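Listing of work_36.cif; format and content: mmCIF, C-alpha atoms (C1' of nucleotides).
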```
data_my_file
#
loop_
_atom_site.group_PDB
_atom_site.id
_atom_site.type_symbol
_atom_site.label_atom_id
_atom_site.label_comp_id
_atom_site.auth_asym_id
_atom_site.auth_seq_id
_atom_site.Cartn_x
_atom_site.Cartn_y
_atom_site.Cartn_z
ATOM 1 C CA MET I 1372 -21.488 -26.889 0.474
ATOM 2 C CA THR I 1373 -18.387 -25.100 -0.646
ATOM 3 C CA LYS I 1374 -15.269 -24.589 1.403
ATOM 4 C CA THR I 1375 -14.846 -21.269 3.070
ATOM 5 C CA PRO I 1376 -12.946 -18.884 0.811
ATOM 6 C CA ILE I 1377 -9.604 -17.356 1.704
ATOM 7 C CA ASP I 1378 -8.623 -13.760 1.188
ATOM 8 C CA LEU I 1379 -5.953 -13.307 -1.423
ATOM 9 C CA LEU I 1380 -2.494 -12.424 -0.184
ATOM 10 C CA GLN I 1381 -1.374 -9.148 -1.566
ATOM 11 C CA GLY I 1382 0.687 -9.655 -4.672
ATOM 12 C CA THR I 1383 -0.567 -13.089 -5.600
ATOM 13 C CA LEU I 1384 -3.386 -11.936 -7.840
ATOM 14 C CA ASP I 1385 -1.042 -10.808 -10.585
ATOM 15 C CA LEU I 1386 0.591 -14.203 -10.693
ATOM 16 C CA LEU I 1387 -2.783 -15.927 -10.782
ATOM 17 C CA VAL I 1388 -3.983 -13.776 -13.649
ATOM 18 C CA LEU I 1389 -0.781 -14.123 -15.660
ATOM 19 C CA LYS I 1390 -0.884 -17.882 -15.252
ATOM 20 C CA THR I 1391 -4.513 -18.017 -16.290
ATOM 21 C CA LEU I 1392 -3.793 -16.010 -19.405
ATOM 22 C CA SER I 1393 -0.946 -18.346 -20.325
ATOM 23 C CA TRP I 1394 -3.644 -20.824 -21.394
ATOM 24 C CA GLY I 1395 -4.885 -18.361 -23.960
ATOM 25 C CA PRO I 1396 -6.674 -15.017 -24.199
ATOM 26 C CA ALA I 1397 -9.610 -14.427 -21.908
ATOM 27 C CA HIS I 1398 -11.795 -11.665 -20.600
ATOM 28 C CA GLY I 1399 -11.936 -10.607 -16.975
ATOM 29 C CA TYR I 1400 -15.130 -12.293 -16.015
ATOM 30 C CA SER I 1401 -13.969 -15.689 -17.225
ATOM 31 C CA ILE I 1402 -10.566 -15.312 -15.604
ATOM 32 C CA ALA I 1403 -12.251 -14.937 -12.260
ATOM 33 C CA GLN I 1404 -14.449 -17.937 -12.929
ATOM 34 C CA TRP I 1405 -11.588 -20.171 -13.954
ATOM 35 C CA ILE I 1406 -9.607 -19.382 -10.854
ATOM 36 C CA GLU I 1407 -12.564 -19.956 -8.574
ATOM 37 C CA GLN I 1408 -13.488 -23.149 -10.298
ATOM 38 C CA LEU I 1409 -9.955 -24.545 -10.304
ATOM 39 C CA THR I 1410 -9.517 -23.900 -6.612
ATOM 40 C CA GLY I 1411 -12.946 -25.205 -5.660
ATOM 41 C CA GLN I 1412 -14.030 -21.701 -4.613
ATOM 42 C CA VAL I 1413 -11.167 -21.457 -2.140
ATOM 43 C CA LEU I 1414 -9.794 -18.461 -3.990
ATOM 44 C CA GLN I 1415 -12.389 -15.960 -5.024
ATOM 45 C CA VAL I 1416 -11.585 -13.025 -7.225
ATOM 46 C CA GLY I 1417 -13.679 -9.970 -6.522
ATOM 47 C CA GLU I 1418 -14.306 -7.602 -9.387
ATOM 48 C CA GLY I 1419 -12.973 -4.737 -7.329
ATOM 49 C CA SER I 1420 -9.636 -6.548 -7.235
ATOM 50 C CA LEU I 1421 -9.607 -8.054 -10.689
ATOM 51 C CA TYR I 1422 -10.193 -5.044 -12.897
ATOM 52 C CA PRO I 1423 -7.594 -2.859 -11.223
ATOM 53 C CA ALA I 1424 -5.185 -5.780 -11.550
ATOM 54 C CA LEU I 1425 -5.898 -6.189 -15.245
ATOM 55 C CA HIS I 1426 -5.395 -2.488 -15.862
ATOM 56 C CA ARG I 1427 -2.164 -2.482 -13.968
ATOM 57 C CA LEU I 1428 -0.863 -5.495 -15.903
ATOM 58 C CA GLU I 1429 -1.756 -3.792 -19.149
ATOM 59 C CA GLU I 1430 -0.110 -0.565 -18.101
ATOM 60 C CA ARG I 1431 3.085 -2.457 -17.408
ATOM 61 C CA GLY I 1432 3.005 -4.120 -20.771
ATOM 62 C CA TRP I 1433 2.472 -7.650 -19.522
ATOM 63 C CA VAL I 1434 -0.922 -8.100 -21.139
ATOM 64 C CA GLU I 1435 -2.770 -6.512 -24.028
ATOM 65 C CA GLY I 1436 -6.505 -5.978 -24.179
ATOM 66 C CA GLU I 1437 -8.775 -6.027 -27.195
ATOM 67 C CA TRP I 1438 -12.543 -5.563 -27.395
ATOM 68 C CA ARG I 1439 -14.366 -8.501 -28.871
ATOM 69 C CA LEU I 1440 -17.560 -10.428 -28.437
ATOM 70 C CA SER I 1441 -17.708 -13.074 -25.750
ATOM 71 C CA GLU I 1442 -19.064 -16.580 -26.195
ATOM 72 C CA ASN I 1443 -22.390 -15.166 -25.023
ATOM 73 C CA ASN I 1444 -22.389 -12.457 -27.613
ATOM 74 C CA ARG I 1445 -21.556 -9.752 -25.151
ATOM 75 C CA ARG I 1446 -19.030 -6.970 -25.447
ATOM 76 C CA ALA I 1447 -15.934 -8.069 -23.582
ATOM 77 C CA LYS I 1448 -12.281 -7.128 -23.360
ATOM 78 C CA PHE I 1449 -10.042 -10.075 -24.152
ATOM 79 C CA TYR I 1450 -6.575 -9.999 -22.667
ATOM 80 C CA ARG I 1451 -3.607 -11.877 -23.982
ATOM 81 C CA LEU I 1452 -0.138 -12.336 -22.557
ATOM 82 C CA THR I 1453 2.651 -10.372 -24.206
ATOM 83 C CA SER I 1454 6.132 -11.862 -24.431
ATOM 84 C CA LEU I 1455 7.094 -9.502 -21.645
ATOM 85 C CA GLY I 1456 4.222 -10.893 -19.644
ATOM 86 C CA ARG I 1457 5.331 -14.429 -20.305
ATOM 87 C CA SER I 1458 8.750 -13.727 -18.921
ATOM 88 C CA ARG I 1459 7.220 -11.899 -15.998
ATOM 89 C CA LEU I 1460 5.093 -14.945 -15.285
ATOM 90 C CA ARG I 1461 8.197 -17.088 -15.082
ATOM 91 C CA THR I 1462 9.979 -14.859 -12.603
ATOM 92 C CA GLU I 1463 6.877 -14.381 -10.469
ATOM 93 C CA ALA I 1464 6.321 -18.120 -10.361
ATOM 94 C CA VAL I 1465 9.900 -18.703 -9.268
ATOM 95 C CA THR I 1466 9.644 -16.044 -6.592
ATOM 96 C CA TRP I 1467 6.458 -17.620 -5.312
ATOM 97 C CA GLU I 1468 8.113 -21.025 -5.070
ATOM 98 C CA ARG I 1469 11.036 -19.570 -3.194
ATOM 99 C CA PHE I 1470 8.703 -17.840 -0.832
ATOM 100 C CA VAL I 1471 6.705 -20.978 -0.138
ATOM 101 C CA ASP I 1472 9.935 -22.890 0.484
ATOM 102 C CA ALA I 1473 11.168 -20.274 2.897
ATOM 103 C CA MET I 1474 7.885 -20.277 4.788
ATOM 104 C CA ALA I 1475 8.009 -24.054 4.982
ATOM 105 C CA LYS I 1476 11.455 -23.924 6.535
ATOM 106 C CA VAL I 1477 10.119 -21.884 9.399
ATOM 107 C CA LEU I 1478 6.806 -23.670 9.735
ATOM 108 C CA ARG I 1479 8.346 -27.117 9.751
ATOM 109 C CA ALA I 1480 11.148 -26.278 12.154
ATOM 110 C CA SER I 1481 10.655 -27.919 15.501
ATOM 111 C CA GLU I 1482 13.253 -26.023 17.463
ATOM 112 C CA GLN I 1483 14.831 -22.656 17.558
ATOM 113 C CA PRO I 1484 18.123 -22.303 15.700
ATOM 114 C CA ALA I 1485 21.424 -22.217 17.531
ATOM 115 C CA MET L 752 27.070 -14.937 -1.038
ATOM 116 C CA THR L 753 23.479 -14.905 0.088
ATOM 117 C CA LYS L 754 20.395 -15.360 -2.027
ATOM 118 C CA THR L 755 18.413 -12.309 -2.916
ATOM 119 C CA PRO L 756 15.746 -11.616 -0.316
ATOM 120 C CA ILE L 757 12.015 -11.648 -1.031
ATOM 121 C CA ASP L 758 9.526 -9.134 0.206
ATOM 122 C CA LEU L 759 7.066 -10.534 2.702
ATOM 123 C CA LEU L 760 3.530 -11.106 1.503
ATOM 124 C CA GLN L 761 1.071 -9.137 3.526
ATOM 125 C CA GLY L 762 -0.323 -11.231 6.324
ATOM 126 C CA THR L 763 2.443 -13.799 6.501
ATOM 127 C CA LEU L 764 4.517 -12.019 9.098
ATOM 128 C CA ASP L 765 2.054 -12.735 11.890
ATOM 129 C CA LEU L 766 2.194 -16.428 11.153
ATOM 130 C CA LEU L 767 5.983 -16.373 11.060
ATOM 131 C CA VAL L 768 6.182 -14.599 14.393
ATOM 132 C CA LEU L 769 3.621 -16.813 16.090
ATOM 133 C CA LYS L 770 5.444 -19.907 14.887
ATOM 134 C CA THR L 771 8.764 -18.556 16.077
ATOM 135 C CA LEU L 772 7.345 -17.852 19.503
ATOM 136 C CA SER L 773 5.976 -21.372 19.722
ATOM 137 C CA TRP L 774 9.560 -22.496 20.393
ATOM 138 C CA GLY L 775 9.631 -20.355 23.497
ATOM 139 C CA PRO L 776 9.673 -16.699 24.557
ATOM 140 C CA ALA L 777 11.880 -14.336 22.619
ATOM 141 C CA HIS L 778 12.458 -10.663 22.070
ATOM 142 C CA GLY L 779 11.905 -8.911 18.769
ATOM 143 C CA TYR L 780 15.471 -8.681 17.684
ATOM 144 C CA SER L 781 16.081 -12.392 18.051
ATOM 145 C CA ILE L 782 12.812 -13.282 16.343
ATOM 146 C CA ALA L 783 13.959 -11.446 13.258
ATOM 147 C CA GLN L 784 17.326 -13.152 13.388
ATOM 148 C CA TRP L 785 15.872 -16.625 13.730
ATOM 149 C CA ILE L 786 13.600 -16.169 10.762
ATOM 150 C CA GLU L 787 16.360 -14.792 8.595
ATOM 151 C CA GLN L 788 18.769 -17.481 9.623
ATOM 152 C CA LEU L 789 16.288 -20.324 9.123
ATOM 153 C CA THR L 790 15.417 -19.158 5.639
ATOM 154 C CA GLY L 791 19.011 -18.471 4.626
ATOM 155 C CA GLN L 792 18.275 -14.739 4.433
ATOM 156 C CA VAL L 793 15.507 -15.305 1.908
ATOM 157 C CA LEU L 794 13.004 -13.786 4.287
ATOM 158 C CA GLN L 795 14.188 -10.662 5.997
ATOM 159 C CA VAL L 796 12.230 -9.008 8.729
ATOM 160 C CA GLY L 797 12.611 -5.255 8.837
ATOM 161 C CA GLU L 798 12.189 -3.570 12.170
ATOM 162 C CA GLY L 799 9.578 -1.289 10.693
ATOM 163 C CA SER L 800 7.477 -4.365 10.017
ATOM 164 C CA LEU L 801 8.333 -6.426 13.065
ATOM 165 C CA TYR L 802 7.548 -4.053 15.898
ATOM 166 C CA PRO L 803 4.170 -3.020 14.575
ATOM 167 C CA ALA L 804 3.413 -6.717 14.117
ATOM 168 C CA LEU L 805 4.411 -7.527 17.678
ATOM 169 C CA HIS L 806 2.277 -4.717 19.028
ATOM 170 C CA ARG L 807 -0.675 -5.808 17.009
ATOM 171 C CA LEU L 808 -0.315 -9.415 18.175
ATOM 172 C CA GLU L 809 -0.147 -8.239 21.767
ATOM 173 C CA GLU L 810 -3.164 -6.001 21.324
ATOM 174 C CA ARG L 811 -5.144 -8.957 20.057
ATOM 175 C CA GLY L 812 -4.126 -11.081 23.000
ATOM 176 C CA TRP L 813 -2.065 -13.588 21.055
ATOM 177 C CA VAL L 814 1.219 -12.763 22.729
ATOM 178 C CA GLU L 815 2.253 -11.151 25.983
ATOM 179 C CA GLY L 816 5.300 -9.005 26.463
ATOM 180 C CA GLU L 817 7.469 -8.644 29.527
ATOM 181 C CA TRP L 818 10.567 -6.548 30.038
ATOM 182 C CA ARG L 819 13.635 -8.528 30.996
ATOM 183 C CA LEU L 820 17.325 -8.597 30.350
ATOM 184 C CA SER L 821 18.571 -10.259 27.204
ATOM 185 C CA GLU L 822 21.420 -12.753 27.008
ATOM 186 C CA ASN L 823 23.633 -9.745 26.328
ATOM 187 C CA ASN L 824 22.491 -7.950 29.419
ATOM 188 C CA ARG L 825 20.390 -5.472 27.543
ATOM 189 C CA ARG L 826 16.853 -4.303 28.223
ATOM 190 C CA ALA L 827 14.554 -6.306 25.988
ATOM 191 C CA LYS L 828 10.887 -7.131 25.762
ATOM 192 C CA PHE L 829 10.324 -10.862 25.759
ATOM 193 C CA TYR L 830 7.164 -12.086 24.132
ATOM 194 C CA ARG L 831 5.481 -15.366 24.852
ATOM 195 C CA LEU L 832 2.559 -17.059 23.152
ATOM 196 C CA THR L 833 -0.745 -17.028 25.035
ATOM 197 C CA SER L 834 -3.100 -19.971 24.733
ATOM 198 C CA LEU L 835 -5.206 -17.800 22.464
ATOM 199 C CA GLY L 836 -2.106 -17.218 20.380
ATOM 200 C CA ARG L 837 -1.395 -20.913 20.212
ATOM 201 C CA SER L 838 -4.823 -21.606 18.810
ATOM 202 C CA ARG L 839 -4.475 -18.688 16.447
ATOM 203 C CA LEU L 840 -1.203 -20.152 15.210
ATOM 204 C CA ARG L 841 -2.964 -23.389 14.374
ATOM 205 C CA THR L 842 -5.697 -21.758 12.342
ATOM 206 C CA GLU L 843 -3.285 -19.453 10.548
ATOM 207 C CA ALA L 844 -1.067 -22.374 9.651
ATOM 208 C CA VAL L 845 -4.014 -24.285 8.251
ATOM 209 C CA THR L 846 -5.167 -21.292 6.260
ATOM 210 C CA TRP L 847 -1.683 -20.872 4.853
ATOM 211 C CA GLU L 848 -1.589 -24.515 3.764
ATOM 212 C CA ARG L 849 -4.957 -24.196 2.098
ATOM 213 C CA PHE L 850 -3.817 -21.100 0.312
ATOM 214 C CA VAL L 851 -0.642 -22.704 -0.948
ATOM 215 C CA ASP L 852 -2.629 -25.709 -2.155
ATOM 216 C CA ALA L 853 -5.083 -23.511 -3.987
ATOM 217 C CA MET L 854 -2.282 -21.570 -5.643
ATOM 218 C CA ALA L 855 -0.653 -24.815 -6.685
ATOM 219 C CA LYS L 856 -3.842 -25.973 -8.348
ATOM 220 C CA VAL L 857 -3.777 -22.967 -10.615
ATOM 221 C CA LEU L 858 -0.035 -22.869 -11.158
ATOM 222 C CA ARG L 859 0.222 -26.547 -12.029
ATOM 223 C CA ALA L 860 -2.786 -26.609 -14.322
ATOM 224 C CA SER L 861 -1.768 -27.026 -17.916
ATOM 225 C CA GLU L 862 -5.064 -26.226 -19.532
ATOM 226 C CA GLN L 863 -8.032 -24.053 -18.961
ATOM 227 C CA PRO L 864 -11.007 -25.695 -17.220
ATOM 228 C CA ALA L 865 -14.066 -26.791 -19.146
ATOM 229 C "C1'" DC V 654 -43.415 -7.315 -25.091
ATOM 230 C "C1'" DC V 655 -41.458 -6.657 -20.807
ATOM 231 C "C1'" DC V 656 -39.098 -8.059 -16.821
ATOM 232 C "C1'" DG V 657 -35.577 -10.240 -14.407
ATOM 233 C "C1'" DC V 658 -31.321 -12.575 -14.462
ATOM 234 C "C1'" DA V 659 -26.598 -13.419 -15.686
ATOM 235 C "C1'" DT V 660 -22.874 -11.383 -18.026
ATOM 236 C "C1'" DA V 661 -19.392 -7.906 -18.254
ATOM 237 C "C1'" DC V 662 -16.854 -3.660 -17.274
ATOM 238 C "C1'" DA V 663 -15.717 -0.031 -14.160
ATOM 239 C "C1'" DT V 664 -14.803 3.064 -10.072
ATOM 240 C "C1'" DC V 665 -14.674 4.481 -5.291
ATOM 241 C "C1'" DG V 666 -13.382 4.785 -0.373
ATOM 242 C "C1'" DA V 667 -11.833 2.205 3.473
ATOM 243 C "C1'" DA V 668 -8.796 -0.753 5.555
ATOM 244 C "C1'" DT V 669 -4.608 -3.110 6.107
ATOM 245 C "C1'" DG V 670 0.122 -4.130 6.339
ATOM 246 C "C1'" DT V 671 5.024 -3.675 4.637
ATOM 247 C "C1'" DC V 672 9.045 -0.832 3.783
ATOM 248 C "C1'" DG V 673 12.795 2.431 4.315
ATOM 249 C "C1'" DA V 674 14.352 6.079 6.955
ATOM 250 C "C1'" DT V 675 15.235 7.883 11.222
ATOM 251 C "C1'" DG V 676 16.101 8.345 16.076
ATOM 252 C "C1'" DG V 677 17.355 7.005 20.662
ATOM 253 C "C1'" DG V 678 19.499 4.650 24.504
ATOM 254 C "C1'" DA V 679 22.465 1.539 26.775
ATOM 255 C "C1'" DG V 680 26.033 -2.300 27.387
ATOM 256 C "C1'" DA V 681 30.733 -3.970 25.750
ATOM 257 C "C1'" DC V 682 35.211 -3.287 24.640
ATOM 258 C "C1'" DA V 683 39.435 -1.027 23.185
ATOM 259 C "C1'" DT O 503 36.216 8.335 25.189
ATOM 260 C "C1'" DG O 504 34.503 6.595 21.104
ATOM 261 C "C1'" DT O 505 32.403 3.236 18.473
ATOM 262 C "C1'" DC O 506 30.029 -1.025 17.787
ATOM 263 C "C1'" DT O 507 26.176 -3.886 18.315
ATOM 264 C "C1'" DC O 508 22.010 -4.619 20.358
ATOM 265 C "C1'" DC O 509 17.230 -3.371 21.044
ATOM 266 C "C1'" DC O 510 13.096 -0.642 20.862
ATOM 267 C "C1'" DA O 511 10.140 2.531 18.463
ATOM 268 C "C1'" DT O 512 7.704 5.675 15.139
ATOM 269 C "C1'" DC O 513 6.734 7.913 10.791
ATOM 270 C "C1'" DG O 514 5.073 8.659 6.062
ATOM 271 C "C1'" DA O 515 4.856 6.578 1.631
ATOM 272 C "C1'" DC O 516 3.089 3.026 -0.945
ATOM 273 C "C1'" DA O 517 0.612 -0.817 -2.908
ATOM 274 C "C1'" DT O 518 -3.078 -3.760 -2.990
ATOM 275 C "C1'" DT O 519 -7.436 -6.015 -1.737
ATOM 276 C "C1'" DC O 520 -12.293 -5.658 -0.525
ATOM 277 C "C1'" DG O 521 -17.196 -4.476 -0.538
ATOM 278 C "C1'" DA O 522 -20.404 -1.496 -2.333
ATOM 279 C "C1'" DT O 523 -22.198 0.635 -6.095
ATOM 280 C "C1'" DG O 524 -23.243 1.903 -10.873
ATOM 281 C "C1'" DT O 525 -23.957 1.043 -15.874
ATOM 282 C "C1'" DA O 526 -25.197 -1.551 -19.918
ATOM 283 C "C1'" DT O 527 -26.801 -5.348 -22.747
ATOM 284 C "C1'" DG O 528 -28.211 -9.995 -24.296
ATOM 285 C "C1'" DC O 529 -31.262 -13.843 -23.266
ATOM 286 C "C1'" DG O 530 -35.227 -16.326 -21.949
ATOM 287 C "C1'" DG O 531 -39.714 -16.767 -19.556
ATOM 288 C "C1'" DG O 532 -44.291 -15.205 -18.738
#
```

Serialized structure, structure tokens:
Amino acid sequence: MTKTPIDLLQGTLDLLVLKTLSWGPAHGYSIAQWIEQLTGQVLQVGEGSLYPALHRLEERGWVEGEWRLSENNRRAKFYRLTSLGRSRLRTEAVTWERFVDAMAKVLRASEQPA
Amino acid sequence: MTKTPIDLLQGTLDLLVLKTLSWGPAHGYSIAQWIEQLTGQVLQVGEGSLYPALHRLEERGWVEGEWRLSENNRRAKFYRLTSLGRSRLRTEAVTWERFVDAMAKVLRASEQPA
DNA sequence: CCCGCATACATCGAATGTCGATGGGAGACA
DNA sequence: TGTCTCCCATCGACATTCGATGTATGCGGG
């Protein structure tokens, strides 16, 4: 039995995809699989979310796509991180950390502030 | 000098508000202030986000509003957590933790999975 | 040889929730 | 009286995710 999945929070998919691509080029289908596998199916990446995300990352110059053949001999679009994308990944990761910290400050507080 | 604020991720405001109200009843304006103060202005709660959130929480039975006078002698709607809201807060907090954990698994991974 | 399955990309409409702008009203204080 | 802060509220724009749906092709079993 797998744990119940959680809906993605808006804005986190880009970070997930950029991070995944930092390990090397990959096509959409495998990106989704890696994320689901790594999180024990807690995060699931629907195709209706993933492909728009990939296109938007490409449009912004953070990734570049190239048609190749997949490991299974199927036509697939491999994406790789650009240097712009690498820097974007860094800032998005930092922002995420800051956000998590800020949330924690509220969630761990036991009393209302003065 | 204050740190640059971060936009809220969609869905996190409800949790923030529920948690804030778990310290006791409060009106909208003060809820926003507490959150901003606790996070050192990292999270800022715009009124265009807060009031819709409050209304939606009330509609779902998680909070109840009552008109009273504020500490400054002004007309204000004080919200308090219902028992339904308290249980909702618990599940939302757990979900948030699970989400953060899942994100961390991807962000801390150094290599692609097998 | 054909059928079904997994792979792989893509698009669409619906739903949701945040943001910035805007507007009002009423107490406090000079 | 005028202005400040408090306090509520609504609006349209915007971005993103989701589920459904559609297409195509390689692979392996019967």

Nearest candidate to chain L (options I:Leu1389, I:Leu1440, I:Val1413, I:Pro1396; using all atoms listed in the file) |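 Under the stated criterion, the closest residue is I:Val1413.
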
Show me which bits of chain I are within 9 Å of chain V, counting all atoms listed in the file, as a list in words.
->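 Using all atoms listed in the file, chain I residues at most 9 Å from chain V: His1398, Gly1399, Tyr1400, Gly1419, Tyr1422, Asn1443, Arg1445, Arg1446, Ala1447 and Lys1448 of chain I.
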
Test item: chain I residues at most 10 Å from chain L, counting all atoms listed in the file, as a PyMOL selection string | chain I and resi 1376-1384+1386-1395+1402+1404-1414+1464+1466-1485

Dump as a PDB file, in the frame of the given file, selection limited to C-alpha atoms:
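Final output, out.pdb:
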```pdb
ATOM      1  CA  PRO I1376     -12.946 -18.884   0.811  1.00  0.00           C
ATOM      2  CA  ILE I1377      -9.604 -17.356   1.704  1.00  0.00           C
ATOM      3  CA  ASP I1378      -8.623 -13.760   1.188  1.00  0.00           C
ATOM      4  CA  LEU I1379      -5.953 -13.307  -1.423  1.00  0.00           C
ATOM      5  CA  LEU I1380      -2.494 -12.424  -0.184  1.00  0.00           C
ATOM      6  CA  GLN I1381      -1.374  -9.148  -1.566  1.00  0.00           C
ATOM      7  CA  GLY I1382       0.687  -9.655  -4.672  1.00  0.00           C
ATOM      8  CA  THR I1383      -0.567 -13.089  -5.600  1.00  0.00           C
ATOM      9  CA  LEU I1384      -3.386 -11.936  -7.840  1.00  0.00           C
ATOM     10  CA  LEU I1386       0.591 -14.203 -10.693  1.00  0.00           C
ATOM     11  CA  LEU I1387      -2.783 -15.927 -10.782  1.00  0.00           C
ATOM     12  CA  VAL I1388      -3.983 -13.776 -13.649  1.00  0.00           C
ATOM     13  CA  LEU I1389      -0.781 -14.123 -15.660  1.00  0.00           C
ATOM     14  CA  LYS I1390      -0.884 -17.882 -15.252  1.00  0.00           C
ATOM     15  CA  THR I1391      -4.513 -18.017 -16.290  1.00  0.00           C
ATOM     16  CA  LEU I1392      -3.793 -16.010 -19.405  1.00  0.00           C
ATOM     17  CA  SER I1393      -0.946 -18.346 -20.325  1.00  0.00           C
ATOM     18  CA  TRP I1394      -3.644 -20.824 -21.394  1.00  0.00           C
ATOM     19  CA  GLY I1395      -4.885 -18.361 -23.960  1.00  0.00           C
ATOM     20  CA  ILE I1402     -10.566 -15.312 -15.604  1.00  0.00           C
ATOM     21  CA  GLN I1404     -14.449 -17.937 -12.929  1.00  0.00           C
ATOM     22  CA  TRP I1405     -11.588 -20.171 -13.954  1.00  0.00           C
ATOM     23  CA  ILE I1406      -9.607 -19.382 -10.854  1.00  0.00           C
ATOM     24  CA  GLU I1407     -12.564 -19.956  -8.574  1.00  0.00           C
ATOM     25  CA  GLN I1408     -13.488 -23.149 -10.298  1.00  0.00           C
ATOM     26  CA  LEU I1409      -9.955 -24.545 -10.304  1.00  0.00           C
ATOM     27  CA  THR I1410      -9.517 -23.900  -6.612  1.00  0.00           C
ATOM     28  CA  GLY I1411     -12.946 -25.205  -5.660  1.00  0.00           C
ATOM     29  CA  GLN I1412     -14.030 -21.701  -4.613  1.00  0.00           C
ATOM     30  CA  VAL I1413     -11.167 -21.457  -2.140  1.00  0.00           C
ATOM     31  CA  LEU I1414      -9.794 -18.461  -3.990  1.00  0.00           C
ATOM     32  CA  ALA I1464       6.321 -18.120 -10.361  1.00  0.00           C
ATOM     33  CA  THR I1466       9.644 -16.044  -6.592  1.00  0.00           C
ATOM     34  CA  TRP I1467       6.458 -17.620  -5.312  1.00  0.00           C
ATOM     35  CA  GLU I1468       8.113 -21.025  -5.070  1.00  0.00           C
ATOM     36  CA  ARG I1469      11.036 -19.570  -3.194  1.00  0.00           C
ATOM     37  CA  PHE I1470       8.703 -17.840  -0.832  1.00  0.00           C
ATOM     38  CA  VAL I1471       6.705 -20.978  -0.138  1.00  0.00           C
ATOM     39  CA  ASP I1472       9.935 -22.890   0.484  1.00  0.00           C
ATOM     40  CA  ALA I1473      11.168 -20.274   2.897  1.00  0.00           C
ATOM     41  CA  MET I1474       7.885 -20.277   4.788  1.00  0.00           C
ATOM     42  CA  ALA I1475       8.009 -24.054   4.982  1.00  0.00           C
ATOM     43  CA  LYS I1476      11.455 -23.924   6.535  1.00  0.00           C
ATOM     44  CA  VAL I1477      10.119 -21.884   9.399  1.00  0.00           C
ATOM     45  CA  LEU I1478       6.806 -23.670   9.735  1.00  0.00           C
ATOM     46  CA  ARG I1479       8.346 -27.117   9.751  1.00  0.00           C
ATOM     47  CA  ALA I1480      11.148 -26.278  12.154  1.00  0.00           C
ATOM     48  CA  SER I1481      10.655 -27.919  15.501  1.00  0.00           C
ATOM     49  CA  GLU I1482      13.253 -26.023  17.463  1.00  0.00           C
ATOM     50  CA  GLN I1483      14.831 -22.656  17.558  1.00  0.00           C
ATOM     51  CA  PRO I1484      18.123 -22.303  15.700  1.00  0.00           C
ATOM     52  CA  ALA I1485      21.424 -22.217  17.531  1.00  0.00           C
TER      53      ALA I1485
END
```

Mind listing as an MDAnalysis selection string which residues of chain O are within 10 Å of chain I, counting all atoms listed in the file?
-> chainID O and resid 517:522 526:529

For stretch 810-819 of chain L, list every protein, DNA or RNA residue within 8 Å, evaluated using all atoms listed in the file, and leave out those in the same chain fewer than 5 positions away; present the list as a PyMOL selection string.
-> chain L and resi 805+826-837+839

Could you tell me how far atom C1' of O:DC506 lies from atom CA of L:Thr755, in Å and to one decimal?
->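 Between atom C1' of O:DC506 and atom CA of L:Thr755 the gap works out to 26.3 Å.
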